Structures are given as C-alpha cells and as structure tokens.
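> For reference, the file run-v5.txt (compact mmCIF, C-alpha atoms and all ligand atoms) is included below:
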# COMPACT_ATOMS: atom_id res chain seq x y z
CA MET A 1 -40.26 4.56 34.48
CA THR A 2 -37.99 5.74 37.28
CA VAL A 3 -37.07 9.39 37.70
CA GLU A 4 -33.46 8.46 36.84
CA LYS A 5 -34.54 6.97 33.53
CA GLU A 6 -36.67 9.96 32.59
CA GLN A 7 -33.78 12.23 33.48
CA ALA A 8 -31.32 10.12 31.46
CA LEU A 9 -33.58 10.24 28.39
CA ARG A 10 -33.90 14.02 28.73
CA VAL A 11 -30.14 14.50 29.08
CA HIS A 12 -29.58 12.43 25.95
CA GLN A 13 -32.13 14.41 23.95
CA GLN A 14 -30.61 17.73 25.03
CA ARG A 15 -27.06 16.67 24.31
CA PHE A 16 -27.47 14.81 21.03
CA GLY A 17 -30.68 16.37 19.69
CA ARG A 18 -32.28 12.96 19.20
CA GLU A 19 -34.57 10.80 21.21
CA GLY A 20 -32.80 7.73 22.49
CA ARG A 21 -33.80 4.32 23.81
CA GLY A 22 -32.92 3.61 27.43
CA PHE A 23 -31.60 0.35 28.88
CA ALA A 24 -30.95 -0.24 32.56
CA ALA A 25 -28.72 -2.63 34.48
CA PRO A 26 -28.55 -2.97 38.29
CA ALA A 27 -25.60 -3.39 40.67
CA ARG A 28 -25.08 -6.52 42.75
CA VAL A 29 -24.13 -7.72 46.19
CA ASN A 30 -22.72 -11.16 46.89
CA LEU A 31 -24.17 -12.95 49.93
CA ILE A 32 -21.53 -15.69 50.02
CA GLY A 33 -18.92 -17.26 47.71
CA GLU A 34 -16.05 -14.82 47.34
CA HIS A 35 -13.17 -15.26 44.87
CA THR A 36 -14.59 -18.62 43.87
CA ASP A 37 -15.87 -17.58 40.44
CA TYR A 38 -12.64 -17.54 38.43
CA THR A 39 -11.79 -21.11 39.44
CA GLY A 40 -15.18 -22.52 38.42
CA GLY A 41 -16.77 -22.46 41.89
CA PHE A 42 -20.08 -21.40 43.43
CA VAL A 43 -21.42 -17.95 44.29
CA MET A 44 -24.66 -16.58 45.74
CA PRO A 45 -25.19 -12.99 44.60
CA MET A 46 -28.32 -10.89 44.07
CA ALA A 47 -29.01 -7.74 42.08
CA ILE A 48 -29.67 -4.56 44.06
CA ASP A 49 -31.59 -1.41 43.42
CA PHE A 50 -28.84 0.85 42.10
CA GLU A 51 -28.57 1.18 38.37
CA THR A 52 -26.79 2.38 35.30
CA VAL A 53 -28.95 3.71 32.49
CA ALA A 54 -27.55 3.70 28.96
CA VAL A 55 -29.44 5.75 26.37
CA VAL A 56 -28.58 5.19 22.74
CA SER A 57 -29.50 6.82 19.42
CA ALA A 58 -28.18 6.39 15.89
CA ARG A 59 -25.76 8.72 14.13
CA GLU A 60 -24.75 8.71 10.49
CA ASP A 61 -21.01 9.44 10.65
CA GLY A 62 -19.85 5.94 11.70
CA ARG A 63 -18.63 7.20 15.06
CA ALA A 64 -19.13 5.91 18.57
CA VAL A 65 -19.71 8.79 20.99
CA PHE A 66 -20.02 8.06 24.71
CA TYR A 67 -21.12 10.69 27.19
CA SER A 68 -20.86 10.09 30.92
CA ALA A 69 -23.32 12.22 32.87
CA ASN A 70 -21.52 11.32 36.11
CA TYR A 71 -18.16 12.63 34.85
CA ASP A 72 -19.69 15.19 32.46
CA GLU A 73 -17.24 14.03 29.81
CA GLU A 74 -17.54 12.92 26.19
CA VAL A 75 -15.29 10.52 24.28
CA GLY A 76 -15.71 9.75 20.57
CA PHE A 77 -13.94 7.73 17.88
CA GLU A 78 -14.48 6.00 14.51
CA ILE A 79 -15.99 2.58 15.21
CA ALA A 80 -13.94 1.04 12.39
CA SER A 81 -10.72 2.26 14.04
CA LEU A 82 -11.44 0.69 17.44
CA THR A 83 -8.52 -1.45 18.56
CA ARG A 84 -7.79 -2.94 21.95
CA LYS A 85 -6.29 0.15 23.49
CA PRO A 86 -7.66 1.10 26.91
CA VAL A 87 -6.80 4.58 28.11
CA GLY A 88 -7.44 4.09 31.82
CA GLY A 89 -10.70 5.98 32.35
CA TRP A 90 -14.46 5.41 32.66
CA CYS A 91 -14.77 5.03 28.89
CA ASP A 92 -12.70 1.83 28.84
CA TYR A 93 -15.71 -0.11 30.11
CA PRO A 94 -18.26 0.88 27.43
CA ALA A 95 -15.58 0.95 24.71
CA GLY A 96 -14.47 -2.52 25.86
CA VAL A 97 -18.02 -3.81 25.44
CA LEU A 98 -18.18 -2.36 21.92
CA TRP A 99 -14.85 -4.07 21.17
CA SER A 100 -16.08 -7.36 22.64
CA LEU A 101 -19.35 -7.26 20.66
CA ARG A 102 -17.42 -6.64 17.46
CA GLU A 103 -15.13 -9.58 18.28
CA GLU A 104 -18.36 -11.64 18.44
CA GLY A 105 -19.21 -10.49 14.94
CA VAL A 106 -21.98 -8.07 15.96
CA VAL A 107 -22.19 -5.24 13.44
CA VAL A 108 -22.70 -1.93 15.25
CA GLY A 109 -23.49 1.21 13.26
CA GLY A 110 -22.68 4.76 14.40
CA PHE A 111 -24.26 5.76 17.70
CA SER A 112 -24.35 8.29 20.51
CA MET A 113 -24.69 6.86 23.99
CA SER A 114 -25.16 8.62 27.30
CA LEU A 115 -24.52 6.82 30.55
CA ALA A 116 -25.78 7.82 33.98
CA GLY A 117 -25.91 5.89 37.20
CA ASP A 118 -26.12 5.89 40.96
CA VAL A 119 -24.00 2.80 41.76
CA PRO A 120 -21.45 3.73 44.45
CA LEU A 121 -17.97 3.55 42.90
CA GLY A 122 -15.19 1.44 44.40
CA ALA A 123 -17.54 -0.03 46.99
CA GLY A 124 -17.47 -3.64 45.79
CA LEU A 125 -21.02 -3.40 44.39
CA SER A 126 -19.95 -3.92 40.81
CA SER A 127 -20.35 -0.53 39.24
CA SER A 128 -18.23 -1.82 36.35
CA ALA A 129 -20.48 -4.80 35.50
CA SER A 130 -23.49 -2.49 35.75
CA VAL A 131 -21.97 -0.14 33.13
CA GLU A 132 -20.86 -3.04 30.93
CA VAL A 133 -24.24 -4.74 30.91
CA ALA A 134 -26.22 -1.51 30.36
CA THR A 135 -23.90 -0.74 27.43
CA ALA A 136 -24.23 -4.24 25.97
CA MET A 137 -28.03 -4.16 26.20
CA ALA A 138 -28.12 -0.72 24.55
CA LEU A 139 -25.72 -1.69 21.75
CA LEU A 140 -27.61 -4.92 21.06
CA GLY A 141 -30.86 -2.93 20.96
CA HIS A 142 -29.20 -0.47 18.59
CA ALA A 143 -27.96 -3.35 16.38
CA GLY A 144 -31.43 -4.96 16.46
CA MET A 145 -30.02 -8.15 17.98
CA GLU A 146 -30.74 -10.44 20.89
CA LEU A 147 -28.27 -12.72 22.63
CA PRO A 148 -28.81 -15.20 25.47
CA LEU A 149 -27.92 -14.42 29.08
CA GLU A 150 -24.70 -16.48 29.07
CA LYS A 151 -23.44 -14.82 25.94
CA ILE A 152 -24.02 -11.27 27.18
CA ALA A 153 -22.41 -12.03 30.54
CA THR A 154 -19.43 -13.71 28.89
CA LEU A 155 -18.79 -10.94 26.40
CA CYS A 156 -19.02 -8.29 29.13
CA ARG A 157 -16.53 -10.28 31.20
CA ARG A 158 -14.28 -10.48 28.15
CA ALA A 159 -14.44 -6.68 27.84
CA GLU A 160 -13.26 -6.39 31.44
CA ASN A 161 -10.57 -9.10 31.22
CA GLU A 162 -9.14 -8.44 27.79
CA TYR A 163 -9.90 -4.79 27.08
CA VAL A 164 -9.83 -3.08 30.49
CA GLY A 165 -7.27 -5.58 31.83
CA ALA A 166 -8.97 -6.56 35.12
CA LYS A 167 -8.84 -10.29 35.87
CA SER A 168 -12.36 -10.67 37.24
CA GLY A 169 -14.59 -13.76 37.05
CA ILE A 170 -18.11 -14.15 35.62
CA MET A 171 -20.22 -13.61 38.75
CA ASP A 172 -20.94 -9.89 38.47
CA GLN A 173 -21.91 -9.74 34.81
CA PHE A 174 -24.01 -12.89 35.08
CA VAL A 175 -26.12 -11.77 38.01
CA VAL A 176 -26.49 -8.23 36.66
CA VAL A 177 -27.99 -9.65 33.45
CA GLY A 178 -29.98 -12.56 34.82
CA SER A 179 -31.38 -11.73 38.27
CA VAL A 180 -35.03 -11.79 39.13
CA ALA A 181 -36.68 -9.66 41.84
CA ASN A 182 -37.02 -11.24 45.28
CA ARG A 183 -34.63 -14.06 44.44
CA VAL A 184 -30.97 -14.67 45.15
CA MET A 185 -28.97 -16.55 42.56
CA LEU A 186 -26.94 -19.70 43.12
CA LEU A 187 -24.53 -19.81 40.20
CA ASP A 188 -22.19 -22.61 39.20
CA CYS A 189 -19.41 -20.60 37.58
CA ARG A 190 -18.12 -23.58 35.59
CA SER A 191 -21.31 -24.77 33.88
CA LEU A 192 -23.14 -21.44 34.24
CA GLU A 193 -26.17 -23.36 35.48
CA TYR A 194 -28.06 -21.39 38.08
CA GLY A 195 -30.97 -21.52 40.46
CA LEU A 196 -33.09 -18.69 41.88
CA LEU A 197 -33.85 -19.01 45.59
CA PRO A 198 -36.32 -16.99 47.64
CA LEU A 199 -35.12 -14.98 50.64
CA PRO A 200 -37.49 -15.41 53.59
CA ASP A 201 -39.82 -12.41 54.11
CA GLU A 202 -38.62 -11.95 57.65
CA VAL A 203 -35.09 -10.94 56.65
CA ARG A 204 -33.52 -7.92 54.96
CA VAL A 205 -30.12 -7.56 53.39
CA VAL A 206 -28.26 -4.52 54.67
CA ILE A 207 -25.23 -3.24 52.81
CA CYS A 208 -22.81 -1.08 54.73
CA ASN A 209 -20.09 0.86 52.93
CA SER A 210 -16.92 1.15 55.01
CA MET A 211 -15.99 4.07 52.68
CA VAL A 212 -12.56 2.47 52.21
CA LYS A 213 -12.12 2.43 48.42
CA HIS A 214 -11.40 -0.69 46.46
CA ALA A 215 -10.75 -1.23 42.74
CA VAL A 216 -10.62 -4.55 40.90
CA ALA A 217 -8.57 -3.01 38.12
CA THR A 218 -5.64 -2.25 40.46
CA GLY A 219 -3.00 -4.58 41.83
CA GLU A 220 -4.31 -6.41 44.89
CA TYR A 221 -7.13 -8.33 43.19
CA GLY A 222 -4.65 -9.44 40.52
CA ASP A 223 -2.10 -10.49 43.18
CA ARG A 224 -4.67 -12.71 44.84
CA SER A 225 -5.87 -14.30 41.61
CA ALA A 226 -2.23 -14.97 40.61
CA GLU A 227 -1.60 -16.73 43.96
CA VAL A 228 -4.77 -18.78 43.45
CA GLU A 229 -3.86 -19.72 39.89
CA ALA A 230 -0.36 -20.81 40.94
CA GLY A 231 -1.87 -23.13 43.56
CA GLN A 232 -4.47 -24.41 41.12
CA ALA A 233 -1.73 -25.22 38.57
CA VAL A 234 0.05 -27.41 41.15
CA LEU A 235 -3.17 -29.23 42.01
CA ARG A 236 -3.97 -29.77 38.34
CA ARG A 237 -0.51 -31.23 37.74
CA GLU A 238 -0.40 -33.42 40.83
CA ARG A 239 -3.95 -34.63 41.41
CA THR A 240 -5.92 -36.73 38.98
CA GLY A 241 -9.33 -35.31 38.21
CA VAL A 242 -8.51 -31.76 39.30
CA GLU A 243 -8.97 -29.40 36.40
CA LEU A 244 -10.12 -26.37 38.37
CA LEU A 245 -9.74 -25.59 42.07
CA ARG A 246 -13.44 -26.31 42.28
CA ASP A 247 -12.61 -30.05 41.88
CA ALA A 248 -10.06 -30.15 44.72
CA THR A 249 -10.64 -31.31 48.29
CA LEU A 250 -8.77 -30.20 51.40
CA ASP A 251 -6.94 -33.56 51.27
CA ASP A 252 -5.76 -32.80 47.74
CA LEU A 253 -4.52 -29.43 48.91
CA GLU A 254 -2.75 -30.89 51.96
CA ALA A 255 -0.97 -33.44 49.73
CA CYS A 256 0.43 -30.56 47.64
CA ARG A 257 1.29 -28.21 50.51
CA ASP A 258 5.05 -28.40 50.03
CA MET A 259 4.84 -27.79 46.30
CA MET A 260 3.31 -24.33 46.53
CA SER A 261 3.97 -21.08 48.40
CA ALA A 262 2.44 -20.64 51.85
CA ALA A 263 0.33 -17.83 50.38
CA SER A 264 -1.04 -20.01 47.56
CA PHE A 265 -1.88 -22.74 50.07
CA LYS A 266 -3.95 -20.38 52.20
CA ARG A 267 -5.68 -18.70 49.26
CA CYS A 268 -6.67 -22.12 47.88
CA ARG A 269 -7.85 -23.25 51.31
CA HIS A 270 -10.16 -20.26 51.45
CA ILE A 271 -11.67 -21.15 48.08
CA ILE A 272 -12.13 -24.86 48.79
CA THR A 273 -13.85 -24.18 52.12
CA GLU A 274 -15.85 -21.30 50.60
CA ASN A 275 -17.32 -23.50 47.86
CA ALA A 276 -18.53 -25.91 50.56
CA ARG A 277 -20.01 -23.00 52.53
CA VAL A 278 -21.97 -21.73 49.51
CA LEU A 279 -23.54 -25.14 48.95
CA GLU A 280 -24.41 -25.43 52.62
CA ALA A 281 -25.82 -21.89 52.62
CA ARG A 282 -28.12 -22.96 49.79
CA GLU A 283 -29.44 -25.83 51.90
CA ALA A 284 -29.89 -23.53 54.90
CA LEU A 285 -31.81 -21.03 52.78
CA LEU A 286 -34.08 -23.70 51.34
CA ARG A 287 -35.07 -24.85 54.80
CA GLY A 288 -35.35 -21.28 56.07
CA ASP A 289 -32.57 -21.75 58.62
CA MET A 290 -31.24 -18.18 58.75
CA ALA A 291 -29.25 -18.84 61.92
CA ARG A 292 -27.12 -21.42 60.07
CA PHE A 293 -26.97 -19.17 57.01
CA GLY A 294 -25.63 -16.34 59.18
CA THR A 295 -23.03 -18.56 60.84
CA LEU A 296 -21.75 -19.56 57.41
CA MET A 297 -21.45 -15.87 56.46
CA VAL A 298 -19.35 -15.19 59.54
CA GLU A 299 -17.14 -18.21 58.83
CA ALA A 300 -16.77 -16.95 55.27
CA HIS A 301 -15.62 -13.58 56.59
CA SER A 302 -13.01 -15.14 58.88
CA SER A 303 -11.68 -17.24 56.00
CA PHE A 304 -11.56 -14.18 53.73
CA ARG A 305 -9.72 -12.21 56.41
CA ASP A 306 -7.27 -14.91 57.58
CA ASP A 307 -6.71 -17.26 54.63
CA PHE A 308 -7.41 -14.91 51.77
CA ALA A 309 -5.85 -11.90 53.52
CA ALA A 310 -8.07 -9.49 51.63
CA SER A 311 -10.07 -7.70 54.31
CA CYS A 312 -9.09 -4.51 56.11
CA GLU A 313 -9.40 -3.20 59.68
CA GLU A 314 -12.40 -0.99 59.04
CA VAL A 315 -14.41 -3.75 57.39
CA ASP A 316 -13.50 -6.21 60.16
CA GLU A 317 -14.75 -3.64 62.64
CA LEU A 318 -18.09 -3.39 60.81
CA VAL A 319 -18.51 -7.17 61.05
CA VAL A 320 -17.73 -7.17 64.79
CA ILE A 321 -20.22 -4.38 65.50
CA ALA A 322 -22.89 -6.06 63.36
CA MET A 323 -22.53 -9.39 65.11
CA GLN A 324 -22.97 -7.74 68.53
CA GLN A 325 -26.57 -7.01 67.57
CA ALA A 326 -29.14 -9.68 68.31
CA GLU A 327 -31.15 -8.95 65.14
CA CYS A 328 -28.19 -9.77 62.87
CA PHE A 329 -27.94 -13.36 61.57
CA GLY A 330 -24.68 -12.91 59.73
CA ALA A 331 -22.24 -10.32 58.38
CA ARG A 332 -19.25 -10.45 56.08
CA ILE A 333 -17.21 -8.49 53.59
CA THR A 334 -18.61 -8.61 50.05
CA GLY A 335 -16.92 -8.22 46.65
CA GLY A 336 -13.28 -8.22 45.68
CA GLY A 337 -11.98 -7.12 49.08
CA PHE A 338 -9.45 -4.60 50.48
CA GLY A 339 -12.25 -2.27 51.58
CA GLY A 340 -15.70 -1.71 50.16
CA CYS A 341 -18.87 -3.00 51.77
CA THR A 342 -20.15 -5.54 54.23
CA VAL A 343 -23.33 -7.49 53.61
CA ASN A 344 -25.53 -8.22 56.60
CA VAL A 345 -28.61 -10.41 56.89
CA VAL A 346 -30.90 -9.04 59.60
CA ARG A 347 -34.45 -9.39 60.93
CA ALA A 348 -36.72 -7.27 58.71
CA GLU A 349 -38.51 -5.45 61.53
CA ALA A 350 -35.22 -4.41 63.14
CA ALA A 351 -33.37 -3.34 59.97
CA GLU A 352 -33.56 0.42 60.62
CA LYS A 353 -32.44 0.06 64.22
CA PHE A 354 -29.60 -2.20 63.07
CA VAL A 355 -28.44 0.45 60.61
CA ALA A 356 -28.51 3.22 63.22
CA THR A 357 -26.53 1.19 65.77
CA LEU A 358 -24.02 0.03 63.17
CA ARG A 359 -23.39 3.56 61.88
CA ARG A 360 -23.05 4.95 65.39
CA GLY A 361 -20.68 2.20 66.52
CA TYR A 362 -18.54 2.49 63.39
CA ALA A 363 -18.27 6.27 63.64
CA ALA A 364 -17.27 5.99 67.30
CA LYS A 365 -14.55 3.45 66.49
CA THR A 366 -13.13 4.89 63.24
CA GLY A 367 -14.46 8.44 62.86
CA ILE A 368 -15.98 7.40 59.51
CA GLU A 369 -19.64 7.96 58.54
CA ALA A 370 -20.71 4.78 56.74
CA ASP A 371 -23.42 4.69 54.07
CA CYS A 372 -25.95 1.90 54.67
CA PHE A 373 -28.67 0.56 52.39
CA VAL A 374 -31.52 -1.79 53.24
CA CYS A 375 -32.07 -3.93 50.13
CA THR A 376 -34.31 -6.55 48.63
CA PRO A 377 -33.22 -8.52 45.53
CA SER A 378 -33.96 -6.56 42.32
CA ASP A 379 -34.50 -7.47 38.70
CA GLY A 380 -31.52 -7.91 36.40
CA ALA A 381 -31.18 -6.24 32.99
CA PHE A 382 -33.09 -9.01 31.19
CA ALA A 383 -36.09 -8.73 33.47
CA LEU A 384 -35.97 -4.93 33.34
CA ALA A 385 -35.96 -5.00 29.55
CA ALA A 386 -38.84 -7.49 29.45
CA LYS A 387 -40.86 -5.30 31.83
CA GLY A 388 -40.47 -2.24 29.64
CA GLY A 389 -37.21 -0.96 31.13
CA VAL A 390 -36.51 -0.18 27.48
CA ALA A 391 -37.87 3.22 26.59
C1 LIG A 401 -14.94 -8.91 41.96
C2 LIG A 401 -14.88 -9.63 40.63
C3 LIG A 401 -15.72 -10.92 40.67
C4 LIG A 401 -15.36 -11.78 41.89
C5 LIG A 401 -15.33 -10.93 43.15
C6 LIG A 401 -14.82 -11.71 44.33
O1 LIG A 401 -16.23 -8.44 42.18
O2 LIG A 401 -15.36 -8.81 39.58
O3 LIG A 401 -15.56 -11.64 39.47
O4 LIG A 401 -14.14 -12.43 41.68
O5 LIG A 401 -14.54 -9.77 43.02
O6 LIG A 401 -15.69 -12.73 44.65
Represent the structure contained in this file as structure tokens.


Amino acid sequence: MTVEKEQALRVHQQRFGREGRGFAAPARVNLIGEHTDYTGGFVMPMAIDFETVAVVSAREDGRAVFYSANYDEEVGFEIASLTRKPVGGWCDYPAGVLWSLREEGVVVGGFSMSLAGDVPLGAGLSSSASVEVATAMALLGHAGMELPLEKIATLCRRAENEYVGAKSGIMDQFVVVGSVANRVMLLDCRSLEYGLLPLPDEVRVVICNSMVKHAVATGEYGDRSAEVEAGQAVLRRERTGVELLRDATLDDLEACRDMMSAASFKRCRHIITENARVLEAREALLRGDMARFGTLMVEAHSSFRDDFAASCEEVDELVVIAMQQAECFGARITGGGFGGCTVNVVRAEAAEKFVATLRRGYAAKTGIEADCFVCTPSDGAFALAAKGGVA
C-alpha cells in the first residue's frame, strides 16, 4: 500500500471513528487525439502515477457525508433528497457520481467518504475523472456491486456532463478505469473498443506543466465543443453516411465549407486530421518508429494551435524549447487546452537532462517555474482494485 493510501485510511478513521475501505484511481495524460472523443473519434491516452484515494465506511442515518482532505471541508446531505443541483465546488464531482449511480438504479446506503489526492488541479491531467472514478469504485464497493468498465466510465461521464455541467467526452473516465501498467490505450470513442499498446523501453513520457490554469467546466471548452457540434450537424445533414464527425473526410468538409462558420470549419478540420494522426501513431508505435510518432505529435500540436485555436503562448513556447532538444521525439499540448501541460516523448536515458533544459529555457523565456514529471503508464482503477488497491 502506498504512503498516501495509509494516510488516507488513517485520516478517515480519525474523522469518522470507523475503519474505511480505500479505492484508488489514477490521473491520465493523452499522447495524441485531442477533442476527438465527443464526436466518436480516436484517442491515445495512458494513466499516470498521480491518484485520488476515496475511503468509504457505512453510517446508519441515511446521509452521504463527503470530506475532502485537500480542501479540509465536509459536505453532507440526506441521500434520499439528492437532486440534480450542483453548487459549484469540489463536492459536485463526488455528489454527481452518487446521483449518476442512483439514476442507474444502484441502491446506496448511508456512508461517510473521505477523498485525498495528489493530482495537479487545472493542469489538463484529469483530476476530475480521477475523483469521479475513485468515488464510483468506493460507492460500488460500499453497495456490494460490480459493474463493467464501460458502465463505470459512462456513468462517471454522465455525472460530469449532466450533474456538474461540463461537456466533456468519454476519454478521461475510460482510461482512468481501464488502463494497465506499461501500456498506452488506443480507444475508439464510438464503439468503446480499445487496444493496449506497449511503449518501447527506450522512451519516457515527460509531462511539463506550463502552470497556466485550465478548467473544462468553464467557458472555452464549451465554446469549442459548440463550434464542433455546429459543424458536425451540417455534415450530418449534407453528407450521406456521416453520423458523427468521425465518419467525415476532408472532402466532405470542403463540400460543406460555405454552410458553416469559418470557426466551425477549422475546428472540424482539426478533428478530421487528428483522427487520422491517431491511427497513424498507432501504426508507428507498433513498428517502434518513435521518430514518426514524434512528428505526428508535433503536427497534432500545430493543428491544435492553428485550427482548434486552443493553445496559449506559454504552452507553445514549451513545445518549441522541447523540440530544440535532440533527445525529444515529439511534444504537444495535452488535455482540453487553453493552458495546462505538454506531453513529451523523449529518450529514456536523457529524460532528466531534457527536464532540466526545458525548465531552464522556459523560466528564461517566461519567468515561470514549470513542474515536470517523468512518467511510465500506470494501472487504472480496475487493475489497482484487482491488485489489492482496495484496503
Ligand atoms: C478534456 C475532456 C476530454 C477530452 C479532452 C480533449 O480532458 O474531459 O473528454 O475532450 O479535454 O481531448
């Protein structure tokens, strides 16, 4: 058991006077395939070694009591009185999962839950999916129930879309539940079929936080998804066989150019080209061609910056500095955009040197001290539970 888990169990015991059961869920980084998930496209994320631990124990008064160790705050209510009423704080995420489980017909008796985690907030590493999935695993454990991967991911997404009110896709919740150590996931966001691909031993994934905050729940992510959906609606109406943007080609898009806004055209172009890049990245990975993989990452970044218009100066700077280093195969923004982190694929033996040069160069350019993490793909919540991540 990790120190964090032991600590979380102790905090729960001290606060609620009962021993709890602990459930952990990681964070994630996306290697390639950005803003493709909510139009049925392809993504290539992996789980990373940050986590949220949810500790749960029963109570007899029919209440749900959530305690956040990070915020040192407690929120409680009658489970029977839970309606879809977010209040705009950390508790919306776990309360949303409780709401979503109840919508699925899961009967949840009174409980106390403490949540603790080390996932950087607003960095595009999916702190929200990590909290949602840890909560779902804990509540299912508490209810004595099991659900399949797809179901847990879908109901956590529903919590975020319909309870919290953020219009995210399925990528984050799916990979946070279903990842396996040392593998990256290739997920088809329409069918939810997925493959697990090995990353060559000679590379490391380096995450670099620009320290520019981003939040999916606020406006810009929603603006982009609205522009995409408007373009998709035109394509669906005009082109036979196009149900989701995932089905459209660049020729389809060109034929509809005059029927949509210039912004929608560019956003859709990003997604159509990005889906093709993800599939090509899969091929490159399978043949161990990291040079091609890296080039696709850089092309993905340019498309995200120019067509999707969702990068920012600081993040662009991080990509430029990264690509000046010989040991870096590829670098790009990761996550929802408008700040957050870059993901870099670098030669394993040069990872530490890469980090030092990147941090120095970024500080010299922007005056900002970036946080960097050298990562390998971690287990998702399912694998953690199966390995005894459950206390
Ligand atoms: C956020 C959302 C995901 C996905 C990414 C962009 O992380 O939660 O569903 O849309 O942005 O790829």

> Which residues are near ligand LIG 401 (chain A) - at most 9 Å, using only C-alpha atoms and all ligand atoms? Format: as an NGL selection string.

:A and (29-30 or 32-38 or 43 or 124-126 or 128-129 or 157 or 160 or 166-173 or 215-216 or 221 or 225 or 334-337)

> Report as an mmCIF file with C-alpha atoms, in the frame of the given file all protein, DNA and RNA residues lying within 8 Å of A:Ile272, evaluated on only C-alpha atoms, omitting residues in the same chain fewer than 2 positions from it.


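To be explicit, this is the file written out as selection-v4.cif:
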data_model
loop_
_atom_site.group_PDB
_atom_site.id
_atom_site.type_symbol
_atom_site.label_atom_id
_atom_site.label_comp_id
_atom_site.auth_asym_id
_atom_site.auth_seq_id
_atom_site.Cartn_x
_atom_site.Cartn_y
_atom_site.Cartn_z
ATOM 1 C CA LEU A 245 -9.740 -25.590 42.070
ATOM 2 C CA ARG A 246 -13.440 -26.310 42.280
ATOM 3 C CA ALA A 248 -10.060 -30.150 44.720
ATOM 4 C CA THR A 249 -10.640 -31.310 48.290
ATOM 5 C CA LEU A 250 -8.770 -30.200 51.400
ATOM 6 C CA CYS A 268 -6.670 -22.120 47.880
ATOM 7 C CA ARG A 269 -7.850 -23.250 51.310
ATOM 8 C CA HIS A 270 -10.160 -20.260 51.450
ATOM 9 C CA GLU A 274 -15.850 -21.300 50.600
ATOM 10 C CA ASN A 275 -17.320 -23.500 47.860
ATOM 11 C CA ALA A 276 -18.530 -25.910 50.560
#

> So which residues touch A:Gly165 within 9 Å, counting all atoms listed in the file, skipping near sequence neighbours fewer than 4 positions away, as a PDB file with C-alpha atoms, in the frame of the given file?


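Output (selection.pdb):
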ATOM      1  CA  PRO A  86      -7.660   1.100  26.910  1.00  0.00           C
ATOM      2  CA  ALA A 159     -14.440  -6.680  27.840  1.00  0.00           C
ATOM      3  CA  GLU A 160     -13.260  -6.390  31.440  1.00  0.00           C
ATOM      4  CA  ASN A 161     -10.570  -9.100  31.220  1.00  0.00           C
ATOM      5  CA  ALA A 217      -8.570  -3.010  38.120  1.00  0.00           C
TER       6      ALA A 217
END

> In terms of the shortest atom-to-atom distance over only C-alpha atoms, which of A:Pro26, A:Asp247, A:Leu286, A:Met211 is closest to A:Gly122?

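The answer is A:Met211, which sits nearest to A:Gly122.
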
> Would you kindly return, as a ChimeraX atom specification, each protein, DNA or RNA residue with an atom no farther than 12 Å from any atom of A:Val177, considering all atoms listed in the file and excluding same-chain residues fewer than 2 positions away?

/A:23-28,45-48,51,129-137,147-157,170-175,179-180,185,378-386

> Considering all atoms listed in the file, can you say which of A:Ala281, A:Ser210, A:Met290, A:Gly40 comes closest to A:Gly367?

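Among the listed residues, A:Ser210 lies closest to A:Gly367.
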
> When you draw a straight line from atom CA of A:Val374 to atom CA of A:Glu202, how long is it in Å?

13.2 Å

> Interatomic distance between atom CA of A:Glu162 and atom CA of A:Gly195?

28.4 Å

> Find the residue from A:Leu279, A:Ala331, A:Met323, A:Ala291 that sits nearest to A:Leu186; use all atoms listed in the file when measuring.

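When distances to A:Leu186 are compared using all atoms listed in the file, the smallest one comes from A:Leu279.
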
> Pick out the closest residue to A:Val176 from this set: A:Phe304, A:Glu227, A:Val234, A:Phe50. Count only C-alpha atoms.

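Among A:Phe304, A:Glu227, A:Val234, A:Phe50, it is A:Phe50 that comes nearest to A:Val176.
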
> Enter the distance from atom CA of A:Ser311 to atom CA of A:Arg360, in Å, rounded to one decimal.

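Answer for the atom CA of A:Ser311 to atom CA of A:Arg360 separation: 21.2 Å.
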
> Need the shell around A:Lys353: protein/DNA/RNA residues with any atom at most 12 Å away, counting all atoms listed in the file. Skip same-chain ones fewer than 6 positions apart. Format as a PyMOL selection string?

chain A and resi 206+322+325-328+346-347+359-360+372+374

> Would you please work out which residue, of A:Ala123, A:Ala263, A:Cys91, A:Leu296, is nearest to A:Ala226 when using all atoms listed in the file?

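Using all atoms listed in the file, A:Ala226 sits closest to A:Ala263.
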
> Smallest atom-to-atom distance to A:Ala181: which of A:Asp316, A:Glu369, A:Asp49, A:Asp92, using all atoms listed in the file?

A:Asp49

> Give me the residues within 9 Å of A:Lys85 as a ChimeraX atom specification, counting only C-alpha atoms and dropping any in the same chain fewer than 5 places off.

/A:92,96,163-164

> Please put the answer as AutoDock Vina command-line options: centre and edge lengths, in Å with one decimal, of a box along x, y and z that encloses all listed atoms of stretch 22-29 of chain A plus 5 Å on each side.


--center_x -28.5 --center_y -2.1 --center_z 36.8 --size_x 18.8 --size_y 21.3 --size_z 28.8
